[in-house]
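All remarks here apply to the structure that follows.
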Number of protein chains: 4
Amino acid sequence: MTNTQITLIQIDNYGPWTVTPEPRREVDLQTLQSRLYADLSQLFGNREGYVFFTRFDNMIAVTNGLDADDHALIQESVSNRYPVTISLGVETDASPANALGTATEHLQEAGSAQDAARTEVLRGDPLAEADRTDEDVQIAHFDVNDATGKYTDQLNEYDSFIQIEQGYASLMKHMREEHDGLSFFVGGDNIIAVCPAMDGDAYQSAIDHVREDVGVDLKVGVGRARTAQAAGMDAKHALETCRHEETTVEFR
Amino acid sequence: MTNTQITLIQIDNYGPWTVTPEPRREVDLQTLQSRLYADLSQLFGNREGYVFFTRFDNMIAVTNGLDADDHALIQESVSNRYPVTISLGVETDASPANALGTATEHLQEAGSAQDAARTEVLRGDPLAEADRTDEDVQIAHFDVNDATGKYTDQLNEYDSFIQIEQGYASLMKHMREEHDGLSFFVGGDNIIAVCPAMDGDAYQSAIDHVREDVGVDLKVGVGRARTAQAAGMDAKHALETCRHEETTVEFR
Amino acid sequence: MTNTQITLIQIDNYGPWTVTPEPRREVDLQTLQSRLYADLSQLFGNREGYVFFTRFDNMIAVTNGLDADDHALIQESVSNRYPVTISLGVETDASPANALGTATEHLQEAGSAQDAARTEVLRGDPLAEADRTDEDVQIAHFDVNDATGKYTDQLNEYDSFIQIEQGYASLMKHMREEHDGLSFFVGGDNIIAVCPAMDGDAYQSAIDHVREDVGVDLKVGVGRARTAQAAGMDAKHALETCRHEETTVEFR
Amino acid sequence: MTNTQITLIQIDNYGPWTVTPEPRREVDLQTLQSRLYADLSQLFGNREGYVFFTRFDNMIAVTNGLDADDHALIQESVSNRYPVTISLGVETDASPANALGTATEHLQEAGSAQDAARTEVLRGDPLAEADRTDEDVQIAHFDVNDATGKYTDQLNEYDSFIQIEQGYASLMKHMREEHDGLSFFVGGDNIIAVCPAMDGDAYQSAIDHVREDVGVDLKVGVGRARTAQAAGMDAKHALETCRHEETTVEFR
C-alpha cells in the first residue's frame with residue numbers, strides 16, 4: 001500500500017495582488033511565477049520531494065520525508081526572496097487524491113485564498129519517521145510514443161501541442177476518477193502521475209483508455225520508493241526500458 | 001486587419017539531452033525549463049514581446065517590433081547562460097495560426113528537433129518597420145468568473161484544476177478551429193489568446209461555446225496595438241472593466 | 001570628451017529589513033542580492049547599459065541611452081518581483097566620479113537610505129538623445145597578467161584572492177584620485193573601469209603605479225562608444241589584442 | 001578547538017570559455033556568475049553550509065555536515081543547469097586557512113584550472129559524522145559602526161565604497177596573517193569571517209588594528225556551532241546585541 005504525503009502550496013492573496021493598484025505587467029508575473037516554481041522545485045527537491053506547477057498560484061508537492069520544520073523553512077525562504085508569501089496544507093493518505101483533498105481543507109478552513117489576512121498558514125501533520133516505508137510513494141512517468149517524429153517534426157507546433165494537451169486532459173481525468181491518482185504535465189510530451197498502489201493491468205487500461213478516447217499513444221515507467229525523488233528516478237529508468245524494449249508498461 | 005509576428009522557440013535536441021548519458025534529475029529539468037522560460041519572458045518582454053511556455057521545450061512568442069538582430073542576441077544570450085541552445089523560426093501573417101505554421105516549417109526544413117547537428121537555427125523574415133501599424137496585434141485576456149469563490153475555496157485543489165483545464169482545452173480548440181487564434185494558459189484561471197481581427201460577437205460566441213461544452217463561465221478583455229505588450233496591457237484593463245461592470249466582453 | 005551617464009541604484013531601507021523582525025538567514029540574503037544584481041544586469045544590459053554590484057545594497061550603473069521611462073520600468077519590474085524596492089539617482093558628467101557624486105546627492109536629498117518612507121525615488125535628468133555622441137563612454141577592461149599560472153595554480157586560493165584584491169584596492173584608489181574614474185571588480189582577475197577621456201600614457205601610469213604599490217602586473221584594453229555595452233565589448237577585444245601581442249595597453 | 005570543513009569550488013576552464021570563440025557579452029557573464037553563486041548558496045545552504053562568492057570563478061564554502069554524496073549531487077545539479085561545470089576540493093582542519101590550502105592542493109594536483117580535460121574533479125575527505133562536535137565552526141560577523149549615517153548618507157557612493165573596501169582589505173589581511181581566518185565581504189558593510197578558536201581579546205585586537213590601519217570602526221558578533229548556518233545565525237544575533245548594547249565584541 002502507498003502512503004503519499006501531499007502538500008498544497010497556495011500563494012496568499014495572489015489574484016488581488018496581480019491587479020493592485022492596477023494590473024501588473026504580464027511578463028513580470030510570468031517571470032515571478034516560473035521562478036517561484038523553479039525555487040520550490042529546488043527547495044523541495046533538495047529534500048527528495050517533487051513539486052508540480054499545476055496552476056502556478058496553487059502548486060502540488062509530494063513531500064514524503066519532509067517534516068513541519070522543513071515546511072516552515074521553505075515558507076520563510078520564499079518570504080525572504082519574493083514579494084508574495086505562501087500557505088501550506090499537508091496530509092498523508094493511501095489515496096493521493098484524498099491526501100490532497102484534506103490538505104486543501106486545511107487551507108480552506110483557515111480562510112479564503114483571497115483573504116488578505118490569511119497569510120503563511122501551515123497546517124497538517126507530516127508523516128512520522130517511524131511510520132514511513134520503502135513503498136510509500138508510487139510515481140508513474142508517461143510519455144507519448146514518437147512524439148517528435150509524429151508531431152513535432154510534422155505538425156504546426158500548436159497542433160502538436162493540442163494533441164499532447166488532449167492526451168493529458170484525457171489521462172488526468174481517467175486517473176483521477178478511476179484510480180485517485182494525480183497527473184501533471186511536466187513539459188515536452190511528459191506526464192508524471194502520483195499514484196496509489198496500481199498494478200500493470202491498471203496502467204495498461206489507462207493507456208488503452210487514452211488511445212480510444214483521443215487517439216494518443218502513451219507508454220509508462222513506474223517506480224516505487226520511500227521518497228518522490230527515488231520513485232521518480234526509478235520511473236524514468238523504467239521508461240527508458242520501455243523505449244529500448246518497445247514495451248508499454250514497465251516497473252522498476 | 002491584424003499582422004501578427006510569431007516566433008517559434010525550440011530547444012535544440014532537448015529530448016535526447018534529458019536522458020543522456022542517463023536520465024537527469026527531474027527537479028533540475030523542471031528548474032532549467034522554468035528558468036529558461038522566465039529569462040525568455042524578460043528577454044522578449046524587454047522588447048515589448050510576449051512568450052508563452054506551451055510545452056517548455058517548444059515555446060511560442062509574439063514578437064512584433066523585434067528584428068533579426070534582436071532574435072540573434074536572445075539566441076546568443078541563452079547559449080551564454082544555459083547548457084542547451086535554442087532555434088528560432090519567425091513569420092508574420094493576418095492569421096496567428098498561419099504565422100506559426102510557416103514559422104514551424106522554417107525549423108522543420110532545417111532538420112529534426114532531435115538532430116544533434118541542427119542547432120541555433122534562425123530563419124524567417126521579421127516584419128519591416130515600415131509595414132507595421134497600430135492594429136497589428138490583437139490580444140484577448142480571458143478568466144473564469146469567480147474561480148476563487150466557486151472552485152479554489154470550495155473544491156479539492158485538483159478538481160479546481162480539472163475544471164480550469166477543461167475550460168482551457170475547450171477554448172483552445174474552438175479558437176484554433178473557428179478563428180485561427182492561439183490560446184495559452186498563463187496560470188491561475190487566466191488564458192491569453194493571440195487573435196486575428198475578431199469582433200465582440202465572435203468573442204461572445206467563443207464564451208458561449210465553452211459554457212455549453214464544459215460548463216465553465218469565462219469573460220474576456222481585448223486590446224489591440226502595435227506590440228504584444230501594449231495590446232496585452234489594454235486587454236488586462238478591459239478585463240478589469242468586465243469585473244467592475246459585470247460584463248462579459250470588453251474592448252479597449 | 002566623455003559624457004558618462006551614471007545611475008546610482010539603492011535598495012530602499014535594506015539594512016533594517018535584513019534584521020526585522022529578527023536577522024534573516026544569510027543564504028537567503030545572499031541569494032536575494034546576487035539575483036537582484038543578475039536581474040539588473042539583464043534589465044540595464046538589454047538597453048545597452050552596464051551595472052556593477054559594488055556593495056550590492058548600492059549598485060552603480062552606466063546608463064547612456066536609457067531615458068526616464070526606461071528607469072521607471074526597471075524600478076517597477078523590481079518591485080513586481082522582489083520583496084524590496086529600489087531608488088534611482090541619475091546624472092551625466094565628463095567625470096564619472098562627478099556624475100556619481102551628483103546622482104548620490106539626488107538620493108540623499110530625498111531622505112536617508114534607511115528611511116522607511118523614502119521608497120522608489122527616481123531623480124535626475126537623463127542625457128537628451130540630441131546631446132549624445134559616439135565618444136560618450138570610455139571603458140577600460142583590466143586583468144592580471146597570467147593570474148592562473150602565477151596565482152590560481154600555485155597559491156592557496158585565498159592567497160590568490162588577497163593578491164587580486166590588493167591589485168584592485170590599489171587601482172581603484174589611484175583611478176579615483178588621479179583620474180576621476182570608477183573601477184569595479186567583476187570576478188576572476190578582471191576589473192572594469194568607467195573612465196573620463198584618458199590616453200595611453202595615463203593607463204600605462206596607472207599600471208605602473210599598481211606594480212610599484214603592490215607588485216601586481218596588469219594589462220588593459222580600452223574602448224570608446226555611444227553606450228557602455230559597445231565600449232565594453234571594444235575594450236574586451238582590445239584586451240585580447242594585449243594577450244596575443246603581449247602588450248600592456250591597447251585601444252580599439 | 002574548531003574543526004572547519006572547507007570546500008573550494010572552481011569553475012572548470014572558465015577563463016578560456018569567456019573568450020571563446022570571441023569575448024562573450026559582459027552582462028551575460030555577470031548574470032551567469034551571480035546566478036551560479038545564488039544557486040550554490042541555496043544548494044549548500046539547504047544543507048546548512050555557507051558559500052562566499054570570493055572571485056566568482058573560485059568560491060569558498062564552509063561545509064561541515066556535507067558528505068561526498070552531497071558534494072557530488074551539487075556538482076551534478078550545476079552541470080544540469082549551466083553551460084559550465086565545477087570542480088570541488090574538500091578538507092578539514094582546526095585552521096580554516098590550512099583547510100583551504102589543502103583543498104586547493106587537491107584541485108591543483110588534478111590539473112590546471114584552465115585545462116579543458118580537467119572537469120568535475122571531486123577530491124578530499126569530508127569529516128566523518130562520528131568526529132563532528134558542536135564547536136566545529138566559529139563564525140564572526142563584522143559590520144561598520146553607523147555606516148549609513150557616516151558614509152551612505154554623507155559621501156559620494158563610490159567614496160563610501162572605498163572606505164568599506166579599505167576596512168575589508170585591512171581586516172582580511174590581518175585575520176589571515178595573525179589568525180589563519182578567512183574573511184569575506186558579503187554586501188553592504190558586512191564581512192563574515194570563518195575563524196579558528198579565537199577569544200574576545202583576539203577579536204578586539206583585530207578591530208583595533210583596522211581602526212589604526214585605515215580609520216574604519218568595526219564591531220563583531222561571534223557564534224560557534226556544529227554547522228556554518230547555526231554558527232552564522234548565532235553571530236548575527238550577537239551582532240544585534242552589540243547594536244543594542246553599544247558594545248564592540250559579543251559572543252553567543
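Going by the C-alpha cells order, chains are called A, B, ..., each with residues numbered from 1, while ligands are numbered from 1 in the order shown.
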### Task
Output as number ranges by chain all residues of segment 37-68 of chain A that backbone DSSP marks as strand (DSSP E).
A: 50-52, 58-62
### Task
Up to 6 Å from chain D, what residues of chain C turn up? Count only C-alpha atoms and give them as an NGL selection string.
:C and (27 or 31 or 34-35 or 38 or 41 or 45 or 55-57 or 101 or 104 or 108 or 112 or 153 or 156 or 187-188)
Can you write just those residues out, C-alpha atoms, as a PDB file, in the first residue's frame?
ATOM      1  CA  VAL C  27      21.854  32.260   2.497  1.00  0.00           C
ATOM      2  CA  THR C  31      20.547  34.706  -2.919  1.00  0.00           C
ATOM      3  CA  SER C  34      23.008  38.219  -6.231  1.00  0.00           C
ATOM      4  CA  ARG C  35      19.791  37.537  -8.119  1.00  0.00           C
ATOM      5  CA  ALA C  38      21.738  39.440 -12.123  1.00  0.00           C
ATOM      6  CA  SER C  41      22.416  43.283 -15.284  1.00  0.00           C
ATOM      7  CA  GLY C  45      22.040  45.244 -20.261  1.00  0.00           C
ATOM      8  CA  ARG C  55      28.176  46.801  -2.270  1.00  0.00           C
ATOM      9  CA  PHE C  56      25.033  45.001  -3.549  1.00  0.00           C
ATOM     10  CA  ASP C  57      22.780  47.250  -1.448  1.00  0.00           C
ATOM     11  CA  GLY C 101      28.526  62.408  -6.846  1.00  0.00           C
ATOM     12  CA  THR C 104      24.199  60.323  -4.969  1.00  0.00           C
ATOM     13  CA  GLN C 108      20.462  61.917  -0.226  1.00  0.00           C
ATOM     14  CA  SER C 112      18.127  58.629   4.285  1.00  0.00           C
ATOM     15  CA  ASP C 153      47.528  27.092  -9.967  1.00  0.00           C
ATOM     16  CA  ASN C 156      46.254  28.704  -1.751  1.00  0.00           C
ATOM     17  CA  GLY C 187      35.131  38.423 -10.975  1.00  0.00           C
ATOM     18  CA  GLY C 188      38.170  36.282 -11.736  1.00  0.00           C
TER      19      GLY C 188
END
### Task
Can you list, as a ChimeraX atom specification, all residues belonging to segment 69-228 of chain A that DSSP tags as alpha helix (DSSP H)?
/A:69-79,96-110,147,157-179,200-214,228
### Query
Near Gly65 of chain A, within 8 Å and counting only C-alpha atoms, which residues show up once chain neighbours fewer than 6 positions away are dropped, as a PyMOL selection string?
chain A and resi 47-49+127+129+226-227
### Pairwise distance for atom CA of Phe142 of chain B and atom CA of Ala61 of chain B, rounded to one decimal in Å
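Between these atoms lies a distance of 18.1 Å.
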### Query
Within 7 Å of Thr85 of chain C, counting only C-alpha atoms, which residues qualify if same-chain residues fewer than 5 places away don't, as a PyMOL selection string?
chain C and resi 11-12+78-79+119-120
How would the residues just picked look written out with N, CA, C and O atoms as a tab-separated table (two decimals), in the first residue's frame?
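Wrote it out as again_11.tsv, contents follow:
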chain	number	residue	atom	x	y	z
C	11	ILE	N	18.98	49.98	-2.76
C	11	ILE	CA	17.85	49.23	-2.21
C	11	ILE	C	17.29	50.05	-1.04
C	11	ILE	O	18.03	50.47	-0.16
C	12	ASP	N	15.97	50.26	-1.06
C	12	ASP	CA	15.35	51.11	-0.03
C	12	ASP	C	15.32	50.41	1.32
C	12	ASP	O	14.82	49.29	1.43
C	78	VAL	N	11.40	45.54	-10.74
C	78	VAL	CA	11.98	45.05	-9.49
C	78	VAL	C	10.89	44.93	-8.42
C	78	VAL	O	10.79	43.91	-7.72
C	79	SER	N	10.04	45.93	-8.30
C	79	SER	CA	9.02	45.87	-7.25
C	79	SER	C	7.99	44.77	-7.53
C	79	SER	O	7.36	44.27	-6.62
C	119	THR	N	10.88	55.65	-0.54
C	119	THR	CA	10.96	54.48	-1.41
C	119	THR	C	10.72	54.86	-2.86
C	119	THR	O	9.98	55.79	-3.17
C	120	GLU	N	11.36	54.10	-3.73
C	120	GLU	CA	11.20	54.24	-5.18
C	120	GLU	C	11.36	55.67	-5.68
C	120	GLU	O	10.63	56.11	-6.57
### Query
Just how far from atom CA of Ala130 of chain A is atom CA of Leu73 of chain A, in Å to one decimal?
22.2 Å
### Query
Which distance in Å separates atom CA of Ala68 of chain D and atom CA of Asp125 of chain D, to one decimal?
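Here the two named atoms are 7.5 Å from each other.
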### Message
Using only C-alpha atoms for the distances, tell me which of C:Arg123, C:Lys219, C:Thr133, C:Ala225 is nearest to His244 of chain C.
### Response
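Going through C:Arg123, C:Lys219, C:Thr133, C:Ala225 one by one, the smallest distance to His244 of chain C is for C:Lys219.
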### Query
What's the 10 Å shell around Pro126 of chain B, counting only C-alpha atoms, without same-chain residues fewer than 6 positions away, as a ChimeraX atom specification?
/B:5-7,63-69,71,89-92
### Task
Please identify all polymer residues within 6 Å of Ala140 of chain C, counting only C-alpha atoms, omitting same-chain residues fewer than 3 positions from it, and present them as number ranges by chain.
C: 192-193, 221-222, 235
With N, CA and C atoms kept, could you save the residues just selected as a PDB file, in the first residue's frame?
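Okay, again24.pdb is ready:
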ATOM      1  N   ILE C 192      36.810  46.295 -14.344  1.00  0.00           N
ATOM      2  CA  ILE C 192      36.309  47.180 -15.399  1.00  0.00           C
ATOM      3  C   ILE C 192      36.230  48.585 -14.823  1.00  0.00           C
ATOM      4  N   ALA C 193      36.827  49.561 -15.544  1.00  0.00           N
ATOM      5  CA  ALA C 193      36.804  50.941 -15.075  1.00  0.00           C
ATOM      6  C   ALA C 193      36.031  51.816 -16.051  1.00  0.00           C
ATOM      7  N   GLY C 221      42.671  46.839 -21.906  1.00  0.00           N
ATOM      8  CA  GLY C 221      42.109  47.150 -23.214  1.00  0.00           C
ATOM      9  C   GLY C 221      41.075  48.245 -23.034  1.00  0.00           C
ATOM     10  N   VAL C 222      41.046  49.207 -23.968  1.00  0.00           N
ATOM     11  CA  VAL C 222      40.171  50.362 -23.801  1.00  0.00           C
ATOM     12  C   VAL C 222      39.256  50.511 -25.012  1.00  0.00           C
ATOM     13  N   ALA C 235      36.549  47.180 -25.507  1.00  0.00           N
ATOM     14  CA  ALA C 235      37.614  47.025 -24.511  1.00  0.00           C
ATOM     15  C   ALA C 235      38.048  45.570 -24.399  1.00  0.00           C
TER      16      ALA C 235
END
